[in-house]
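Asker: Quick one, upload_2.txt (compact mmCIF, C-alpha atoms and all ligand atoms):
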```txt
# COMPACT_ATOMS: atom_id res chain seq x y z
CA MET A 1228 19.38 -0.16 -26.88
CA ARG A 1229 22.61 1.74 -26.39
CA ILE A 1230 24.32 1.79 -23.02
CA PHE A 1231 25.97 4.95 -21.77
CA THR A 1232 28.16 5.44 -18.73
CA LYS A 1233 29.40 8.99 -19.35
CA PRO A 1234 27.12 12.02 -19.05
CA GLU A 1235 28.69 13.71 -22.09
CA ASP A 1236 27.99 10.68 -24.29
CA LEU A 1237 24.34 10.50 -23.27
CA ARG A 1238 24.05 14.26 -23.78
CA ALA A 1239 25.45 13.96 -27.34
CA GLN A 1240 22.95 11.19 -28.14
CA CYS A 1241 20.02 13.18 -26.74
CA ASP A 1242 21.15 16.30 -28.62
CA ALA A 1243 21.21 14.28 -31.84
CA TRP A 1244 17.68 12.94 -31.23
CA ARG A 1245 16.38 16.43 -30.52
CA LYS A 1246 18.00 17.80 -33.69
CA ASN A 1247 16.11 15.07 -35.51
CA ASP A 1248 12.86 16.30 -33.91
CA GLU A 1249 12.56 13.18 -31.77
CA SER A 1250 11.08 13.81 -28.34
CA ILE A 1251 12.68 12.20 -25.28
CA ALA A 1252 11.20 10.58 -22.18
CA LEU A 1253 13.34 9.90 -19.11
CA ALA A 1254 12.61 7.17 -16.55
CA PRO A 1255 14.99 7.56 -13.56
CA THR A 1256 15.60 4.35 -11.58
CA MET A 1257 17.99 2.70 -9.16
CA GLY A 1258 17.72 -0.70 -10.87
CA PHE A 1259 16.89 -4.22 -9.65
CA TYR A 1260 13.82 -4.07 -11.80
CA HIS A 1261 10.35 -5.34 -10.97
CA ALA A 1262 7.00 -4.90 -12.69
CA GLY A 1263 6.67 -1.35 -11.29
CA HIS A 1264 9.81 -0.30 -13.15
CA GLU A 1265 8.57 -2.07 -16.28
CA ARG A 1266 5.34 -0.10 -16.12
CA LEU A 1267 7.33 3.10 -15.58
CA MET A 1268 9.49 2.44 -18.65
CA ARG A 1269 6.57 1.46 -20.87
CA ALA A 1270 4.73 4.61 -19.80
CA GLY A 1271 7.79 6.64 -20.79
CA LYS A 1272 7.98 4.86 -24.11
CA ASN A 1273 4.37 5.84 -24.84
CA LEU A 1274 5.03 9.50 -24.10
CA ALA A 1275 7.93 10.23 -26.45
CA ALA A 1276 9.79 9.02 -29.51
CA ARG A 1277 12.84 8.00 -27.49
CA LEU A 1278 13.10 6.49 -24.04
CA VAL A 1279 16.12 7.05 -21.82
CA VAL A 1280 16.26 4.91 -18.67
CA SER A 1281 18.76 5.92 -16.02
CA LEU A 1282 20.06 3.31 -13.61
CA PHE A 1283 22.06 4.82 -10.79
CA VAL A 1284 22.09 3.90 -7.11
CA ASN A 1285 22.53 7.49 -6.05
CA PRO A 1286 24.75 7.59 -2.96
CA SER A 1287 23.73 11.10 -1.94
CA GLN A 1288 20.14 10.05 -1.22
CA PHE A 1289 21.22 7.43 1.33
CA GLY A 1290 21.89 8.62 4.86
CA PRO A 1291 24.53 7.22 7.21
CA GLY A 1292 23.56 3.71 8.30
CA GLU A 1293 21.13 3.21 5.41
CA ASP A 1294 21.34 0.39 2.87
CA LEU A 1295 23.54 1.93 0.14
CA ALA A 1296 26.09 -0.91 0.16
CA ALA A 1297 23.43 -3.61 0.48
CA TYR A 1298 21.05 -2.14 -2.10
CA PRO A 1299 20.20 -5.00 -4.51
CA ARG A 1300 21.84 -4.83 -7.93
CA ASP A 1301 21.64 -6.95 -11.09
CA LEU A 1302 22.88 -4.94 -14.06
CA GLU A 1303 22.77 -7.72 -16.64
CA ARG A 1304 19.16 -8.62 -15.87
CA ASP A 1305 18.19 -4.95 -15.76
CA LYS A 1306 19.75 -4.32 -19.18
CA ALA A 1307 17.60 -7.07 -20.70
CA ILE A 1308 14.43 -5.75 -19.03
CA ALA A 1309 15.07 -2.14 -20.08
CA ALA A 1310 15.65 -3.27 -23.66
CA ALA A 1311 12.46 -5.35 -23.61
CA CYS A 1312 10.51 -2.33 -22.33
CA GLY A 1313 11.64 -0.29 -25.32
CA ALA A 1314 14.49 1.77 -23.86
CA ASP A 1315 16.60 3.41 -26.56
CA ALA A 1316 19.32 4.30 -24.08
CA LEU A 1317 20.29 2.96 -20.68
CA PHE A 1318 22.36 5.44 -18.69
CA ALA A 1319 24.34 3.58 -16.03
CA PRO A 1320 27.07 5.90 -14.79
CA ASP A 1321 29.41 5.08 -11.95
CA GLN A 1322 29.61 7.31 -8.94
CA GLU A 1323 32.67 9.20 -10.18
CA ALA A 1324 30.90 10.13 -13.41
CA MET A 1325 28.08 11.77 -11.47
CA TYR A 1326 29.87 13.28 -8.48
CA ALA A 1327 33.22 15.03 -8.54
CA PRO A 1328 35.16 14.32 -5.35
CA ASP A 1329 34.51 17.91 -4.27
CA HIS A 1330 30.89 18.06 -5.44
CA CYS A 1331 29.12 20.60 -3.26
CA ALA A 1332 26.05 21.96 -5.09
CA TRP A 1333 22.70 20.76 -3.77
CA VAL A 1334 19.06 21.27 -4.64
CA GLU A 1335 16.59 21.44 -1.79
CA VAL A 1336 12.82 21.76 -1.54
CA PRO A 1337 12.78 22.03 2.24
CA GLU A 1338 9.11 22.76 2.89
CA LEU A 1339 8.03 19.53 1.22
CA ALA A 1340 10.99 17.46 2.38
CA ALA A 1341 10.72 18.02 6.13
CA GLY A 1342 7.84 15.65 6.93
CA LEU A 1343 6.85 12.08 6.03
CA CYS A 1344 9.97 10.19 4.84
CA GLY A 1345 12.09 13.32 5.26
CA ALA A 1346 11.67 13.24 9.03
CA SER A 1347 13.66 10.01 9.36
CA ARG A 1348 15.71 10.50 6.15
CA PRO A 1349 16.92 14.10 6.46
CA VAL A 1350 19.33 14.13 3.47
CA HIS A 1351 17.26 11.86 1.23
CA PHE A 1352 15.30 14.35 -0.86
CA ARG A 1353 18.24 16.70 -1.22
CA GLY A 1354 20.06 13.79 -2.86
CA VAL A 1355 17.05 12.88 -5.00
CA CYS A 1356 16.50 16.46 -6.24
CA THR A 1357 20.18 16.94 -6.97
CA VAL A 1358 20.55 13.77 -9.00
CA VAL A 1359 17.24 14.28 -10.83
CA LEU A 1360 18.21 17.84 -11.77
CA LYS A 1361 21.55 16.51 -13.03
CA LEU A 1362 19.76 13.87 -15.10
CA PHE A 1363 17.44 16.56 -16.51
CA MET A 1364 20.45 18.73 -17.43
CA ILE A 1365 22.20 15.80 -19.12
CA ALA A 1366 19.31 14.30 -21.10
CA ASN A 1367 17.09 17.39 -21.41
CA PRO A 1368 13.96 15.22 -21.65
CA ASP A 1369 10.57 16.49 -22.79
CA VAL A 1370 8.91 14.34 -20.16
CA ALA A 1371 10.10 12.41 -17.11
CA VAL A 1372 8.13 9.61 -15.42
CA PHE A 1373 7.93 8.87 -11.70
CA GLY A 1374 5.91 6.40 -9.65
CA GLU A 1375 3.15 7.40 -7.24
CA LYS A 1376 4.53 4.88 -4.76
CA ASP A 1377 7.10 7.53 -3.88
CA TRP A 1378 4.40 10.20 -3.61
CA GLN A 1379 6.52 12.64 -1.62
CA GLN A 1380 9.33 12.35 -4.16
CA LEU A 1381 6.86 13.03 -6.98
CA ALA A 1382 5.44 16.11 -5.21
CA ILE A 1383 8.94 17.43 -4.52
CA ILE A 1384 10.10 16.91 -8.11
CA ARG A 1385 6.98 18.67 -9.41
CA ARG A 1386 7.70 21.60 -7.10
CA MET A 1387 11.37 21.73 -8.15
CA VAL A 1388 10.33 21.77 -11.81
CA ARG A 1389 7.80 24.53 -11.19
CA ASP A 1390 10.07 26.67 -9.04
CA PHE A 1391 13.04 26.43 -11.42
CA ASN A 1392 10.93 26.73 -14.61
CA LEU A 1393 12.48 23.51 -15.85
CA PRO A 1394 11.33 22.69 -19.39
CA VAL A 1395 10.19 19.15 -18.61
CA ARG A 1396 6.76 17.65 -18.07
CA ILE A 1397 6.38 15.33 -15.10
CA ALA A 1398 4.20 12.27 -15.63
CA SER A 1399 3.32 9.64 -13.05
CA ILE A 1400 2.19 6.03 -12.91
CA PRO A 1401 -0.01 4.42 -10.23
CA ILE A 1402 1.41 2.06 -7.62
CA ILE A 1403 2.04 -1.41 -9.03
CA ARG A 1404 1.39 -4.18 -6.52
CA GLU A 1405 1.76 -7.87 -5.86
CA GLU A 1406 -1.49 -9.79 -6.08
CA ASP A 1407 -1.84 -9.63 -2.31
CA GLY A 1408 -1.55 -5.83 -2.36
CA LEU A 1409 2.06 -5.33 -1.31
CA ALA A 1410 3.55 -2.43 -3.28
CA LEU A 1411 6.41 -3.68 -5.44
CA SER A 1412 9.79 -2.48 -4.27
CA SER A 1413 13.38 -3.51 -4.91
CA ARG A 1414 13.68 -3.62 -1.12
CA ASN A 1415 11.06 -6.37 -0.80
CA VAL A 1416 13.93 -8.85 -1.25
CA TYR A 1417 15.05 -7.96 2.27
CA LEU A 1418 11.86 -9.48 3.74
CA GLN A 1419 12.09 -12.78 5.60
CA LYS A 1420 9.23 -15.23 5.12
CA ASP A 1421 7.23 -14.19 8.18
CA GLU A 1422 7.76 -10.51 7.38
CA ARG A 1423 6.65 -11.04 3.80
CA GLY A 1424 3.55 -12.76 5.14
CA GLN A 1425 2.56 -9.68 7.15
CA ALA A 1426 3.62 -7.06 4.59
CA PRO A 1427 0.28 -6.99 2.69
CA GLU A 1428 -1.32 -5.74 5.93
CA ILE A 1429 0.22 -2.34 5.21
CA ARG A 1430 -2.08 -1.93 2.24
CA ARG A 1431 -5.04 -3.46 4.07
CA GLY A 1432 -4.66 -0.86 6.83
CA LEU A 1433 -4.72 1.95 4.28
CA LEU A 1434 -7.76 0.40 2.60
CA LEU A 1435 -9.52 0.37 5.98
CA ALA A 1436 -8.90 4.12 6.28
CA LYS A 1437 -10.24 4.63 2.77
CA ALA A 1438 -13.37 2.61 3.56
CA LEU A 1439 -14.00 4.58 6.76
CA SER A 1440 -13.39 7.84 4.93
CA ASP A 1441 -15.76 6.81 2.13
CA ALA A 1442 -18.35 5.99 4.80
CA GLY A 1443 -18.12 9.56 6.11
CA GLU A 1444 -15.35 9.58 8.72
CA LYS A 1445 -13.51 12.88 8.25
CA ASN A 1446 -11.54 13.01 11.49
CA VAL A 1447 -7.91 12.21 10.74
CA SER A 1448 -7.04 11.24 14.27
CA ARG A 1449 -9.83 8.63 14.33
CA LEU A 1450 -8.80 7.34 10.91
CA ARG A 1451 -5.19 6.97 12.08
CA GLN A 1452 -6.26 5.23 15.29
CA ALA A 1453 -8.35 2.73 13.33
CA VAL A 1454 -5.40 1.85 11.08
CA LEU A 1455 -2.96 1.62 13.99
CA ALA A 1456 -5.37 -0.62 15.92
CA ARG A 1457 -5.66 -2.92 12.93
CA TRP A 1458 -1.89 -3.03 12.45
CA ALA A 1459 -1.37 -3.80 16.14
CA GLN A 1460 -3.32 -7.01 15.47
CA THR A 1461 -2.23 -7.90 11.94
CA LEU A 1462 1.28 -6.47 11.60
CA PRO A 1463 3.03 -7.25 14.89
CA LEU A 1464 6.46 -7.45 13.23
CA GLY A 1465 6.09 -3.94 11.82
CA ARG A 1466 7.67 -0.92 13.45
CA LEU A 1467 5.89 2.28 12.55
CA ASP A 1468 7.99 5.08 11.10
CA TYR A 1469 5.00 7.30 10.32
CA LEU A 1470 1.34 7.22 9.36
CA SER A 1471 0.20 10.66 8.22
CA VAL A 1472 -2.60 12.35 6.35
CA VAL A 1473 -1.44 15.29 4.27
CA HIS A 1474 -2.54 17.49 1.42
CA PRO A 1475 -1.42 15.66 -1.74
CA GLU A 1476 0.45 18.66 -3.23
CA SER A 1477 1.59 20.80 -0.32
CA LEU A 1478 2.20 17.71 1.86
CA LYS A 1479 1.00 19.78 4.83
CA PRO A 1480 -0.64 17.69 7.58
CA ILE A 1481 -4.42 17.92 7.68
CA GLU A 1482 -6.80 17.21 10.53
CA THR A 1483 -10.05 16.90 8.64
CA VAL A 1484 -10.48 15.03 5.37
CA THR A 1485 -12.03 17.46 2.93
CA ASP A 1486 -11.08 17.82 -0.73
CA GLY A 1487 -7.52 16.60 -1.06
CA ALA A 1488 -6.16 14.07 1.40
CA LEU A 1489 -3.40 11.51 1.08
CA MET A 1490 -2.71 8.90 3.74
CA ALA A 1491 0.94 7.86 3.58
CA CYS A 1492 3.03 5.55 5.73
CA ALA A 1493 6.43 4.02 6.22
CA ILE A 1494 6.83 0.79 8.18
CA ARG A 1495 10.02 -1.00 9.09
CA LEU A 1496 9.72 -4.74 8.68
CA GLY A 1497 12.96 -6.57 9.47
CA LYS A 1498 15.67 -4.96 7.37
CA ALA A 1499 13.20 -3.35 4.98
CA ARG A 1500 11.59 0.05 5.28
CA LEU A 1501 8.41 -0.09 3.22
CA ILE A 1502 6.30 2.85 2.07
CA ASP A 1503 2.76 3.01 0.73
CA ASN A 1504 0.01 5.57 0.32
CA ILE A 1505 -3.61 5.98 -0.63
CA LEU A 1506 -5.70 8.96 -1.72
CA LEU A 1507 -8.63 9.31 0.67
CA LYS A 1508 -10.15 12.11 -1.39
P1 LIG B 1601 13.53 3.13 -7.69
O1 LIG B 1601 14.35 2.33 -8.64
O2 LIG B 1601 13.00 2.36 -6.53
O3 LIG B 1601 14.20 4.44 -7.31
O4 LIG B 1601 12.22 3.56 -8.50
C1 LIG B 1601 12.31 4.20 -9.74
C2 LIG B 1601 10.96 4.77 -10.09
O5 LIG B 1601 10.01 3.72 -10.15
C3 LIG B 1601 10.44 5.79 -9.08
O6 LIG B 1601 9.78 6.84 -9.75
C4 LIG B 1601 9.46 4.97 -8.28
O7 LIG B 1601 8.42 5.74 -7.71
C5 LIG B 1601 8.92 4.04 -9.32
N1 LIG B 1601 8.40 2.82 -8.68
C6 LIG B 1601 9.09 1.96 -7.90
N2 LIG B 1601 8.28 0.98 -7.45
C7 LIG B 1601 7.04 1.26 -7.94
C8 LIG B 1601 5.76 0.64 -7.82
N3 LIG B 1601 5.58 -0.46 -7.10
N4 LIG B 1601 4.72 1.22 -8.47
C9 LIG B 1601 4.89 2.34 -9.19
N5 LIG B 1601 6.07 2.96 -9.34
C10 LIG B 1601 7.13 2.44 -8.72
```
How does this structure look as C-alpha cells?
Ligand code: AMP
Answerer:
Amino acid sequence: MRIFTKPEDLRAQCDAWRKNDESIALAPTMGFYHAGHERLMRAGKNLAARLVVSLFVNPSQFGPGEDLAAYPRDLERDKAIAAACGADALFAPDQEAMYAPDHCAWVEVPELAAGLCGASRPVHFRGVCTVVLKLFMIANPDVAVFGEKDWQQLAIIRRMVRDFNLPVRIASIPIIREEDGLALSSRNVYLQKDERGQAPEIRRGLLLAKALSDAGEKNVSRLRQAVLARWAQTLPLGRLDYLSVVHPESLKPIETVTDGALMACAIRLGKARLIDNILLK
C-alpha cells in the first residue's frame, strides 16, 4: 500500500492505473477505523482492480462547537488496517493540501440537506459534498463506497452525482453493528460506561417501529410516539436530536408509511451524537 499526502501525487498514481486499464474504487473515511470501515474498504476492493482509501478529518464538515479537535485519530493503526483490507493507496492529506487559505468554492444540495442531521448541523453536508467532490476530482474513481449508517449523506452524494453528471458509480454497504445492535461509530469512544449501556436502546427503538409497521401500523405519528415512549423508559440519558420518517431518496417527511419509508434518528448521549436508521418499507 502506498501512502499519499499530496493530491497531485495521488492523481498521478490514479492516472497511471487508468492508463493500464485498472479500475479504481474510492472509500472516503475520517479514520479511527472499526469493523464498519473494514467492511467499506473490502466492499471497495471487490468492486474494482484498485482501492484508494482516503483518510481526512474534513474540517469544513464540522460546525462551530463540534468535535473537530477532539475527533479520535490513530494514523498508524489505520494504516495497518487499510493495508490489511487491501487498499492500494491511502490518501491522508493535511488540511493545507486540501484547502487553500482562501478556499471559497462550495457544493450544496440544499433540498436534501435541510432536514434530519442538517437541521442541527447546518454546514455539515456542504462540507461533505465539497470534500467528496474534491476527492472524486483527484482520484477519478469508477466507483465510490459509502455506508448506509450515514443515510442522508449517501442520498445527498447520490443526488450530487446525478445532478452534476459525475462519472462515478455510488455503492453502499449496510450498517455494521456491535453484537448488541449499537451501530459502529468512531464516536462511540466518547461514551461513558452508563451511556454505552443504554446506547443499544437506540436500535431497539427503531426495531419496535419496524415491528409495529410490519404489523400494519402506517401512521407515522403513532410510530414515533411508540419509539419515544420506549426511549423515555430505556434511554433516560439520551437527548433526542430528531426522530423522523422520510422518503429514502427525497428525504421528504412522510405522514403515512406506504412504499418507501426510512425512520432515522440522532440522539445525544453524553459527549457523543449517535445516528441510526431503519427502512420501514
Ligand atoms: P467516517 O469515517 O465515520 O466518516 O465513515 C466513513 C464511511 O464509513 C462513511 O461512508 C460511513 O457511512 C461508513 N460507516 C461508518 N460507520 C459505519 C457502520 N457502522 N456501518 C456501515 N458504514 C459505516
Asker: Please, which residues have at least one atom within 10 Å of an atom of ligand LIG 1601 (chain B), using only C-alpha atoms and all ligand atoms, listed as an NGL selection string?
Answerer: :A and (1254-1268 or 1280-1285 or 1355 or 1371-1381 or 1398-1405 or 1409-1414 or 1502-1503)
Asker: Keeping only C-alpha atoms, write the selected residues to a file as an mmCIF file, in the frame of the given file.
Answerer:
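The resulting file, result04.cif, is reproduced below:
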```
data_model
loop_
_atom_site.group_PDB
_atom_site.id
_atom_site.type_symbol
_atom_site.label_atom_id
_atom_site.label_comp_id
_atom_site.auth_asym_id
_atom_site.auth_seq_id
_atom_site.Cartn_x
_atom_site.Cartn_y
_atom_site.Cartn_z
ATOM 1 C CA ALA A 1254 12.610 7.170 -16.550
ATOM 2 C CA PRO A 1255 14.990 7.560 -13.560
ATOM 3 C CA THR A 1256 15.600 4.350 -11.580
ATOM 4 C CA MET A 1257 17.990 2.700 -9.160
ATOM 5 C CA GLY A 1258 17.720 -0.700 -10.870
ATOM 6 C CA PHE A 1259 16.890 -4.220 -9.650
ATOM 7 C CA TYR A 1260 13.820 -4.070 -11.800
ATOM 8 C CA HIS A 1261 10.350 -5.340 -10.970
ATOM 9 C CA ALA A 1262 7.000 -4.900 -12.690
ATOM 10 C CA GLY A 1263 6.670 -1.350 -11.290
ATOM 11 C CA HIS A 1264 9.810 -0.300 -13.150
ATOM 12 C CA GLU A 1265 8.570 -2.070 -16.280
ATOM 13 C CA ARG A 1266 5.340 -0.100 -16.120
ATOM 14 C CA LEU A 1267 7.330 3.100 -15.580
ATOM 15 C CA MET A 1268 9.490 2.440 -18.650
ATOM 16 C CA VAL A 1280 16.260 4.910 -18.670
ATOM 17 C CA SER A 1281 18.760 5.920 -16.020
ATOM 18 C CA LEU A 1282 20.060 3.310 -13.610
ATOM 19 C CA PHE A 1283 22.060 4.820 -10.790
ATOM 20 C CA VAL A 1284 22.090 3.900 -7.110
ATOM 21 C CA ASN A 1285 22.530 7.490 -6.050
ATOM 22 C CA VAL A 1355 17.050 12.880 -5.000
ATOM 23 C CA ALA A 1371 10.100 12.410 -17.110
ATOM 24 C CA VAL A 1372 8.130 9.610 -15.420
ATOM 25 C CA PHE A 1373 7.930 8.870 -11.700
ATOM 26 C CA GLY A 1374 5.910 6.400 -9.650
ATOM 27 C CA GLU A 1375 3.150 7.400 -7.240
ATOM 28 C CA LYS A 1376 4.530 4.880 -4.760
ATOM 29 C CA ASP A 1377 7.100 7.530 -3.880
ATOM 30 C CA TRP A 1378 4.400 10.200 -3.610
ATOM 31 C CA GLN A 1379 6.520 12.640 -1.620
ATOM 32 C CA GLN A 1380 9.330 12.350 -4.160
ATOM 33 C CA LEU A 1381 6.860 13.030 -6.980
ATOM 34 C CA ALA A 1398 4.200 12.270 -15.630
ATOM 35 C CA SER A 1399 3.320 9.640 -13.050
ATOM 36 C CA ILE A 1400 2.190 6.030 -12.910
ATOM 37 C CA PRO A 1401 -0.010 4.420 -10.230
ATOM 38 C CA ILE A 1402 1.410 2.060 -7.620
ATOM 39 C CA ILE A 1403 2.040 -1.410 -9.030
ATOM 40 C CA ARG A 1404 1.390 -4.180 -6.520
ATOM 41 C CA GLU A 1405 1.760 -7.870 -5.860
ATOM 42 C CA LEU A 1409 2.060 -5.330 -1.310
ATOM 43 C CA ALA A 1410 3.550 -2.430 -3.280
ATOM 44 C CA LEU A 1411 6.410 -3.680 -5.440
ATOM 45 C CA SER A 1412 9.790 -2.480 -4.270
ATOM 46 C CA SER A 1413 13.380 -3.510 -4.910
ATOM 47 C CA ARG A 1414 13.680 -3.620 -1.120
ATOM 48 C CA ILE A 1502 6.300 2.850 2.070
ATOM 49 C CA ASP A 1503 2.760 3.010 0.730
#
```
Asker: Give me, as a VMD selection string, all polymer residues having an atom no more than 8 Å from Thr1357 in chain A, counting only C-alpha atoms and skipping those fewer than 6 positions away in the same chain.
Answerer: chain A and resid 1332 to 1335
Asker: Have a look at CA of Asn1367 in chain A and CA of Cys1241 in chain A and let me know their distance in Å, one decimal.
Answerer: 7.4 Å
Asker: Report, in Å with one decimal, the straight-line distance from CA of Gln1419 in chain A to CA of Ile1505 in chain A.
Answerer: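 Between CA of Gln1419 in chain A and CA of Ile1505 in chain A the gap works out to 25.2 Å.
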Asker: As an exercise, work out the distance from CA of Leu1496 in chain A to CA of Ala1456 in chain A in Å and give it to one decimal place.
Answerer: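 CA of Ala1456 in chain A lies 17.2 Å from CA of Leu1496 in chain A.
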Asker: What's around Ile1251 in chain A at 8 Å? Count all atoms listed in the file, leave out sequence neighbours fewer than 5 positions away in its own chain, and write the answer as a list in words.
Answerer: Cys1241, Trp1244, Arg1245, Ala1275, Ala1276, Arg1277, Leu1278, Val1279, Asn1367, Pro1368, Asp1369 and Val1370 of chain A
Asker: Tell me which of A:Ala1327, A:Leu1317, A:Leu1464, A:Ala1311 sits closest to Ala1426 in chain A, counting all atoms listed in the file.
Answerer: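 Residue with the minimum atom-to-atom distance to Ala1426 in chain A: A:Leu1464.
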Asker: Taking (20.6, -2.9, 6.4) in the file's coordinates, which residues come within 10 Å, counting only C-alpha atoms, written as a PDB file with C-alpha atoms, keeping the file's coordinate frame?
Answerer:
```
ATOM      1  CA  GLY A1292      23.560   3.710   8.300  1.00  0.00           C
ATOM      2  CA  GLU A1293      21.130   3.210   5.410  1.00  0.00           C
ATOM      3  CA  ASP A1294      21.340   0.390   2.870  1.00  0.00           C
ATOM      4  CA  LEU A1295      23.540   1.930   0.140  1.00  0.00           C
ATOM      5  CA  ALA A1296      26.090  -0.910   0.160  1.00  0.00           C
ATOM      6  CA  ALA A1297      23.430  -3.610   0.480  1.00  0.00           C
ATOM      7  CA  TYR A1298      21.050  -2.140  -2.100  1.00  0.00           C
ATOM      8  CA  TYR A1417      15.050  -7.960   2.270  1.00  0.00           C
ATOM      9  CA  GLY A1497      12.960  -6.570   9.470  1.00  0.00           C
ATOM     10  CA  LYS A1498      15.670  -4.960   7.370  1.00  0.00           C
ATOM     11  CA  ALA A1499      13.200  -3.350   4.980  1.00  0.00           C
ATOM     12  CA  ARG A1500      11.590   0.050   5.280  1.00  0.00           C
TER      13      ARG A1500
END
```
Asker: Nearest to Tyr1326 in chain A among A:Leu1253, A:Arg1269, A:Lys1233, A:Lys1306, with distances taken over only C-alpha atoms: which residue is it?
Answerer: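 Of A:Leu1253, A:Arg1269, A:Lys1233, A:Lys1306, the one nearest Tyr1326 in chain A, counting only C-alpha atoms, is A:Lys1233.
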Asker: Just the residues within 12 Å of Leu1470 in chain A, please, counting only C-alpha atoms, with nothing from its chain fewer than 6 positions along; format it as number ranges by chain.
Answerer: A: 1342-1344, 1346, 1429, 1432-1433, 1436, 1447-1448, 1450-1455, 1458, 1480, 1489-1495, 1501-1505
Asker: Neighbourhood query: residues within 6 Å of (9.6, 9.5, 12.3), file coordinates, counting all atoms listed in the file; return as a list in words.
Answerer: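 The residues that fall inside the cut-off are Ala1346, Ser1347, Asp1468 and Tyr1469 of chain A.
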Asker: Under the rule that only C-alpha atoms are counted, which of A:Leu1462, A:Ala1340, A:Leu1360, A:Val1395 is the nearest residue to Pro1427 in chain A?
Answerer: A:Leu1462
Asker: For Ala1488 in chain A, please output as number ranges by chain all residues within 9 Å (counting all atoms listed in the file; exclusion window: fewer than 2 positions along the same chain).
Answerer: A: 1472-1475, 1481, 1483-1486, 1490, 1505-1508
